[in-house]
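Participant: Enclosed is the structure file query-v6.pdb (PDB, C-alpha atoms).
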ATOM      1  CA  MET A   1      10.001  -6.652  11.368
ATOM      2  CA  THR A   2       6.674  -5.623   9.864
ATOM      3  CA  ASN A   3       5.594  -7.547   6.787
ATOM      4  CA  PRO A   4       5.385  -5.318   3.696
ATOM      5  CA  ARG A   5       1.916  -4.417   2.488
ATOM      6  CA  ILE A   6       1.249  -3.916  -1.193
ATOM      7  CA  THR A   7      -1.755  -2.502  -3.030
ATOM      8  CA  ILE A   8      -2.640  -3.784  -6.487
ATOM      9  CA  SER A   9      -4.903  -1.096  -7.959
ATOM     10  CA  THR A  10      -7.075  -2.425 -10.776
ATOM     11  CA  GLU A  11      -9.906  -1.008 -12.829
ATOM     12  CA  PHE A  12     -12.236  -3.046 -10.546
ATOM     13  CA  GLY A  13     -10.757  -1.798  -7.252
ATOM     14  CA  GLY A  14      -7.881  -2.500  -4.909
ATOM     15  CA  ILE A  15      -6.330  -5.705  -3.633
ATOM     16  CA  ILE A  16      -4.166  -5.351  -0.519
ATOM     17  CA  LEU A  17      -1.463  -7.957   0.088
ATOM     18  CA  GLU A  18       0.716  -8.845   3.046
ATOM     19  CA  LEU A  19       4.059 -10.361   2.000
ATOM     20  CA  PHE A  20       6.115 -12.806   4.093
ATOM     21  CA  PRO A  21       9.828 -12.001   3.638
ATOM     22  CA  GLU A  22      10.992 -14.129   6.570
ATOM     23  CA  GLN A  23       9.464 -17.282   5.103
ATOM     24  CA  ALA A  24      10.012 -16.566   1.378
ATOM     25  CA  PRO A  25      12.916 -14.085   1.172
ATOM     26  CA  VAL A  26      13.949 -14.716  -2.453
ATOM     27  CA  THR A  27      10.413 -14.542  -3.832
ATOM     28  CA  VAL A  28       9.398 -11.478  -1.797
ATOM     29  CA  ASP A  29      12.625  -9.683  -2.752
ATOM     30  CA  ASN A  30      11.920 -10.404  -6.430
ATOM     31  CA  PHE A  31       8.331  -9.123  -6.208
ATOM     32  CA  LEU A  32       9.440  -5.978  -4.347
ATOM     33  CA  ARG A  33      12.106  -5.295  -7.002
ATOM     34  CA  TYR A  34       9.268  -5.156  -9.545
ATOM     35  CA  VAL A  35       7.117  -2.967  -7.280
ATOM     36  CA  ASP A  36       9.872  -0.567  -6.137
ATOM     37  CA  GLY A  37      11.325  -0.297  -9.649
ATOM     38  CA  ASP A  38       7.866   0.499 -11.087
ATOM     39  CA  ARG A  39       8.325  -2.504 -13.403
ATOM     40  CA  PHE A  40       4.637  -3.508 -13.316
ATOM     41  CA  THR A  41       3.704  -0.451 -15.426
ATOM     42  CA  ASP A  42       2.217  -2.589 -18.230
ATOM     43  CA  ALA A  43       0.888  -5.359 -15.980
ATOM     44  CA  VAL A  44      -2.537  -6.913 -16.461
ATOM     45  CA  PHE A  45      -4.587  -9.771 -15.107
ATOM     46  CA  TYR A  46      -4.857 -11.921 -18.213
ATOM     47  CA  ARG A  47      -5.822 -15.401 -17.031
ATOM     48  CA  THR A  48      -8.747 -16.786 -15.070
ATOM     49  CA  VAL A  49      -8.830 -20.443 -14.097
ATOM     50  CA  ARG A  50     -12.245 -21.681 -12.988
ATOM     51  CA  ALA A  51     -13.912 -25.063 -12.598
ATOM     52  CA  ASP A  52     -15.639 -24.550 -15.963
ATOM     53  CA  ASN A  53     -12.615 -23.711 -18.151
ATOM     54  CA  GLN A  54     -10.079 -26.462 -17.585
ATOM     55  CA  PRO A  55     -11.709 -29.506 -19.210
ATOM     56  CA  ASN A  56      -8.418 -31.300 -19.897
ATOM     57  CA  ASN A  57      -6.993 -30.966 -16.383
ATOM     58  CA  LYS A  58      -7.557 -33.882 -14.027
ATOM     59  CA  ILE A  59      -6.617 -31.650 -11.102
ATOM     60  CA  LYS A  60      -8.700 -28.473 -11.089
ATOM     61  CA  ILE A  61      -7.604 -25.186  -9.530
ATOM     62  CA  GLU A  62      -9.079 -21.689  -9.213
ATOM     63  CA  VAL A  63      -6.777 -18.683  -9.633
ATOM     64  CA  ILE A  64      -6.363 -15.402 -11.450
ATOM     65  CA  GLN A  65      -2.977 -14.715 -13.026
ATOM     66  CA  GLY A  66      -1.293 -11.442 -13.806
ATOM     67  CA  GLY A  67       2.008  -9.807 -14.542
ATOM     68  CA  LEU A  68       3.844  -8.477 -17.565
ATOM     69  CA  LYS A  69       2.607 -11.450 -19.626
ATOM     70  CA  ALA A  70       5.540 -11.624 -22.067
ATOM     71  CA  ASP A  71       8.825 -13.331 -21.133
ATOM     72  CA  ASP A  72      10.629 -10.932 -23.457
ATOM     73  CA  HIS A  73       9.051  -7.776 -21.948
ATOM     74  CA  PRO A  74      11.844  -5.204 -21.456
ATOM     75  CA  LEU A  75      11.015  -4.817 -17.737
ATOM     76  CA  VAL A  76      11.321  -8.537 -16.899
ATOM     77  CA  LEU A  77      14.109  -9.294 -14.417
ATOM     78  CA  ALA A  78      16.247 -12.431 -14.201
ATOM     79  CA  LEU A  79      14.641 -15.720 -13.193
ATOM     80  CA  ILE A  80      14.744 -16.612  -9.493
ATOM     81  CA  PRO A  81      15.377 -19.838  -7.556
ATOM     82  CA  HIS A  82      12.255 -21.764  -6.561
ATOM     83  CA  GLU A  83      11.167 -21.551  -2.895
ATOM     84  CA  THR A  84       8.810 -24.471  -2.315
ATOM     85  CA  THR A  85       5.981 -24.509   0.198
ATOM     86  CA  ALA A  86       7.913 -27.263   2.006
ATOM     87  CA  GLN A  87      10.684 -24.688   2.592
ATOM     88  CA  THR A  88       8.492 -21.682   3.413
ATOM     89  CA  GLY A  89       5.516 -23.266   5.149
ATOM     90  CA  ILE A  90       3.164 -20.942   3.210
ATOM     91  CA  GLN A  91       0.320 -23.030   1.819
ATOM     92  CA  HIS A  92      -1.894 -22.180  -1.153
ATOM     93  CA  THR A  93      -5.039 -21.282   0.775
ATOM     94  CA  ASP A  94      -7.762 -18.805  -0.192
ATOM     95  CA  GLY A  95      -6.133 -15.462  -1.045
ATOM     96  CA  THR A  96      -2.539 -16.702  -1.280
ATOM     97  CA  ILE A  97      -0.328 -14.931  -3.827
ATOM     98  CA  SER A  98       2.259 -17.095  -5.535
ATOM     99  CA  MET A  99       4.651 -17.021  -8.478
ATOM    100  CA  ALA A 100       3.739 -18.631 -11.785
ATOM    101  CA  ARG A 101       6.426 -20.765 -13.414
ATOM    102  CA  ASN A 102       7.085 -23.503 -15.910
ATOM    103  CA  GLU A 103      10.055 -25.426 -14.488
ATOM    104  CA  PRO A 104      11.471 -24.815 -10.982
ATOM    105  CA  GLY A 105      13.678 -21.730 -11.136
ATOM    106  CA  THR A 106      11.783 -20.067 -14.007
ATOM    107  CA  ALA A 107       9.644 -17.568 -12.057
ATOM    108  CA  SER A 108      10.084 -13.891 -12.913
ATOM    109  CA  SER A 109       7.211 -11.384 -13.174
ATOM    110  CA  GLU A 110       4.094 -13.577 -13.349
ATOM    111  CA  PHE A 111       1.999 -14.159 -10.246
ATOM    112  CA  PHE A 112      -1.370 -15.626  -9.332
ATOM    113  CA  ILE A 113      -3.892 -15.342  -6.507
ATOM    114  CA  CYS A 114      -5.753 -18.412  -5.230
ATOM    115  CA  ILE A 115      -9.536 -18.486  -4.963
ATOM    116  CA  GLY A 116     -10.305 -21.122  -2.353
ATOM    117  CA  ASP A 117      -7.772 -23.567  -0.935
ATOM    118  CA  GLN A 118      -5.506 -24.994  -3.659
ATOM    119  CA  SER A 119      -3.371 -27.726  -2.053
ATOM    120  CA  ALA A 120      -2.589 -29.138  -5.528
ATOM    121  CA  LEU A 121      -0.283 -26.107  -5.934
ATOM    122  CA  ASP A 122       1.757 -26.925  -2.796
ATOM    123  CA  PHE A 123       4.947 -29.000  -2.738
ATOM    124  CA  GLY A 124       3.910 -32.569  -3.462
ATOM    125  CA  GLY A 125       0.709 -31.409  -5.155
ATOM    126  CA  MET A 126       0.277 -32.693  -8.654
ATOM    127  CA  ARG A 127      -1.127 -29.734 -10.600
ATOM    128  CA  ASN A 128       2.399 -29.462 -12.017
ATOM    129  CA  PRO A 129       3.788 -32.932 -12.826
ATOM    130  CA  ASP A 130       7.186 -32.202 -11.232
ATOM    131  CA  GLY A 131       5.517 -32.111  -7.781
ATOM    132  CA  GLN A 132       7.557 -29.068  -6.718
ATOM    133  CA  GLY A 133       4.509 -26.842  -6.408
ATOM    134  CA  PHE A 134       4.637 -23.070  -6.683
ATOM    135  CA  ALA A 135       6.336 -20.357  -4.606
ATOM    136  CA  ALA A 136       3.719 -18.813  -2.307
ATOM    137  CA  PHE A 137       4.912 -15.571  -0.722
ATOM    138  CA  GLY A 138       1.972 -13.620   0.708
ATOM    139  CA  ARG A 139      -1.769 -13.332   1.073
ATOM    140  CA  VAL A 140      -4.652 -11.007   0.306
ATOM    141  CA  ILE A 141      -5.754  -9.145   3.443
ATOM    142  CA  SER A 142      -8.380  -7.012   1.683
ATOM    143  CA  GLY A 143      -9.987  -7.132  -1.736
ATOM    144  CA  MET A 144     -10.965 -10.771  -2.281
ATOM    145  CA  ASP A 145     -14.223  -9.379  -3.695
ATOM    146  CA  VAL A 146     -12.101  -7.752  -6.440
ATOM    147  CA  VAL A 147     -10.209 -11.017  -7.013
ATOM    148  CA  ARG A 148     -13.500 -12.901  -7.399
ATOM    149  CA  LYS A 149     -14.881 -10.228  -9.733
ATOM    150  CA  ILE A 150     -11.806 -10.538 -11.956
ATOM    151  CA  GLN A 151     -12.125 -14.333 -11.914
ATOM    152  CA  SER A 152     -15.748 -14.124 -13.080
ATOM    153  CA  GLN A 153     -15.038 -11.918 -16.121
ATOM    154  CA  PRO A 154     -15.579 -13.255 -19.657
ATOM    155  CA  ALA A 155     -12.818 -15.466 -20.997
ATOM    156  CA  ILE A 156     -11.952 -17.452 -24.088
ATOM    157  CA  GLU A 157     -10.703 -20.683 -22.586
ATOM    158  CA  GLN A 158      -8.604 -19.182 -19.734
ATOM    159  CA  ALA A 159      -7.704 -15.859 -21.386
ATOM    160  CA  LEU A 160      -9.602 -12.905 -19.919
ATOM    161  CA  THR A 161     -11.352 -10.962 -22.684
ATOM    162  CA  PRO A 162     -10.693  -8.162 -22.210
ATOM    163  CA  GLU A 163      -7.718  -8.313 -19.874
ATOM    164  CA  VAL A 164      -8.085  -6.451 -16.575
ATOM    165  CA  ARG A 165      -5.689  -3.523 -16.351
ATOM    166  CA  ILE A 166      -3.500  -3.155 -13.298
ATOM    167  CA  LEU A 167      -3.266   0.591 -12.787
ATOM    168  CA  LYS A 168      -0.459   0.468 -10.230
ATOM    169  CA  ILE A 169       1.202  -1.860  -7.754
ATOM    170  CA  SER A 170       2.708   0.013  -4.808
ATOM    171  CA  ARG A 171       3.798  -0.347  -1.211
ATOM    172  CA  ASP A 172       1.382   0.905   1.427
TER     173      ASP A 172
END
Can you present the structure in this file as structure tokens?
Facilitator:
Amino acid sequence: MTNPRITISTEFGGIILELFPEQAPVTVDNFLRYVDGDRFTDAVFYRTVRADNQPNNKIKIEVIQGGLKADDHPLVLALIPHETTAQTGIQHTDGTISMARNEPGTASSEFFICIGDQSALDFGGMRNPDGQGFAAFGRVISGMDVVRKIQSQPAIEQALTPEVRILKISRD
């Protein structure tokens, strides 16, 4: 089985992802339901987390976050069960795409891409106090220059100003 490839087209260029459905079937299926259902129509990258904009966090990370942004957006699907990195074996290394969440089992449309290795986001990592980590489900295979450009854009605290429009997310 060939791993699905996805292109995130942004106003700064394309980011090509490879997804890992064998390791993270629930999370990949959820993401593909958004892609195939054209549910990311209003998606944006809206958050940049850098070493310089998280003064109150003991454990620093570097990511960009995107998605539909609003939990009450009409295109948001039901929440999905949490697939930990201990279950999938997919670690949060440079270029990993993962689902944002609050509590385990609250992921829906929001995702982030790691800049550099982010082991604090893995199962047992303490970026989130529950220690469950985040659900990694793929990696960037082309376009990390675009990811880094988005990360370096102006922000107020961690909010990109302006947000970076996602023009389309589609299967290759």
Participant: Return the single residue from A:Ile16, A:Leu68, A:Ile80, A:Val26 that is closest to A:Asp38, with distances computed using only C-alpha atoms.
Facilitator: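 Ranking A:Ile16, A:Leu68, A:Ile80, A:Val26 by distance to A:Asp38, first place goes to A:Leu68.
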Participant: Which residue is closest to A:Asp122? Choose from A:Ile90, A:Ala155, A:Ile150, A:Ala107 and count only C-alpha atoms.
Facilitator: A:Ile90
Participant: For the PyMOL selection byres ((chain A and resi 128) around 12), applied here, can you spell out every residue it catches as a ChimeraX atom specification?
Facilitator: /A:57-61,100-104,119-127,129-134
Participant: Would you mind listing what lies within 9 Å of A:Pro25 as a PyMOL selection string, with all atoms listed in the file counted and same-chain residues fewer than 5 positions away left out?
Facilitator: chain A and resi 20+30+83+137
Participant: Could you jot down the atom CA of A:Tyr34 to atom CA of A:Ser109 separation for me, Å, one decimal place?
Facilitator: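 We find that atom CA of A:Tyr34 and atom CA of A:Ser109 lie 7.5 Å from each other.
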Participant: Could you state the separation of atom CA of A:Gly143 and atom CA of A:Ile113 in Å, given to one decimal place?
Facilitator: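 Atom CA of A:Gly143 sits 11.3 Å away from atom CA of A:Ile113.
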Participant: Determine the nearest neighbour of A:Gly37 from the options A:Glu62, A:Ile169, A:Thr106, A:Met99, counting only C-alpha atoms.
Facilitator: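 Answer, going by the shortest atom-to-atom distance: A:Ile169.
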Participant: Which is closest to A:Ser152 among A:Pro81, A:Gln65, A:Val35, A:Arg50, if we use only C-alpha atoms?
Facilitator: A:Arg50
Participant: Can you build me a table of stretch 75-151 of chain A residues sitting at most 10 Å from stretch 7-13 of chain A, with the closest atom pair per residue and its distance in Å to one decimal, using all atoms listed in the file, sorted by chain and residue number, as CSV?
Facilitator:
residue,atom,partner,partner_atom,distance
A:Val140,CA,A:Thr7,CA,9.6
A:Ser142,CA,A:Thr7,CA,9.3
A:Gly143,CA,A:Gly13,CA,7.7
A:Asp145,CA,A:Gly13,CA,9.1
A:Val146,CA,A:Gly13,CA,6.2
A:Val147,CA,A:Phe12,CA,9.0
A:Lys149,CA,A:Phe12,CA,7.7
A:Ile150,CA,A:Phe12,CA,7.6
Participant: Atom CA of A:Ser98 and atom CA of A:Val28 are how many Å apart?
Facilitator: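 Separation between atom CA of A:Ser98 and atom CA of A:Val28: 9.8 Å.
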Participant: Run the PyMOL selection byres ((chain A and resi 43) around 10) against the file shown and list the residues it catches, as a list in words.
Facilitator: Thr10, Arg39, Phe40, Thr41, Asp42, Val44, Phe45, Tyr46, Gly66, Gly67, Leu68, Lys69, Ala70, Ser109, Glu110, Glu163, Val164, Arg165, Ile166, Leu167, Lys168 and Ile169 of chain A
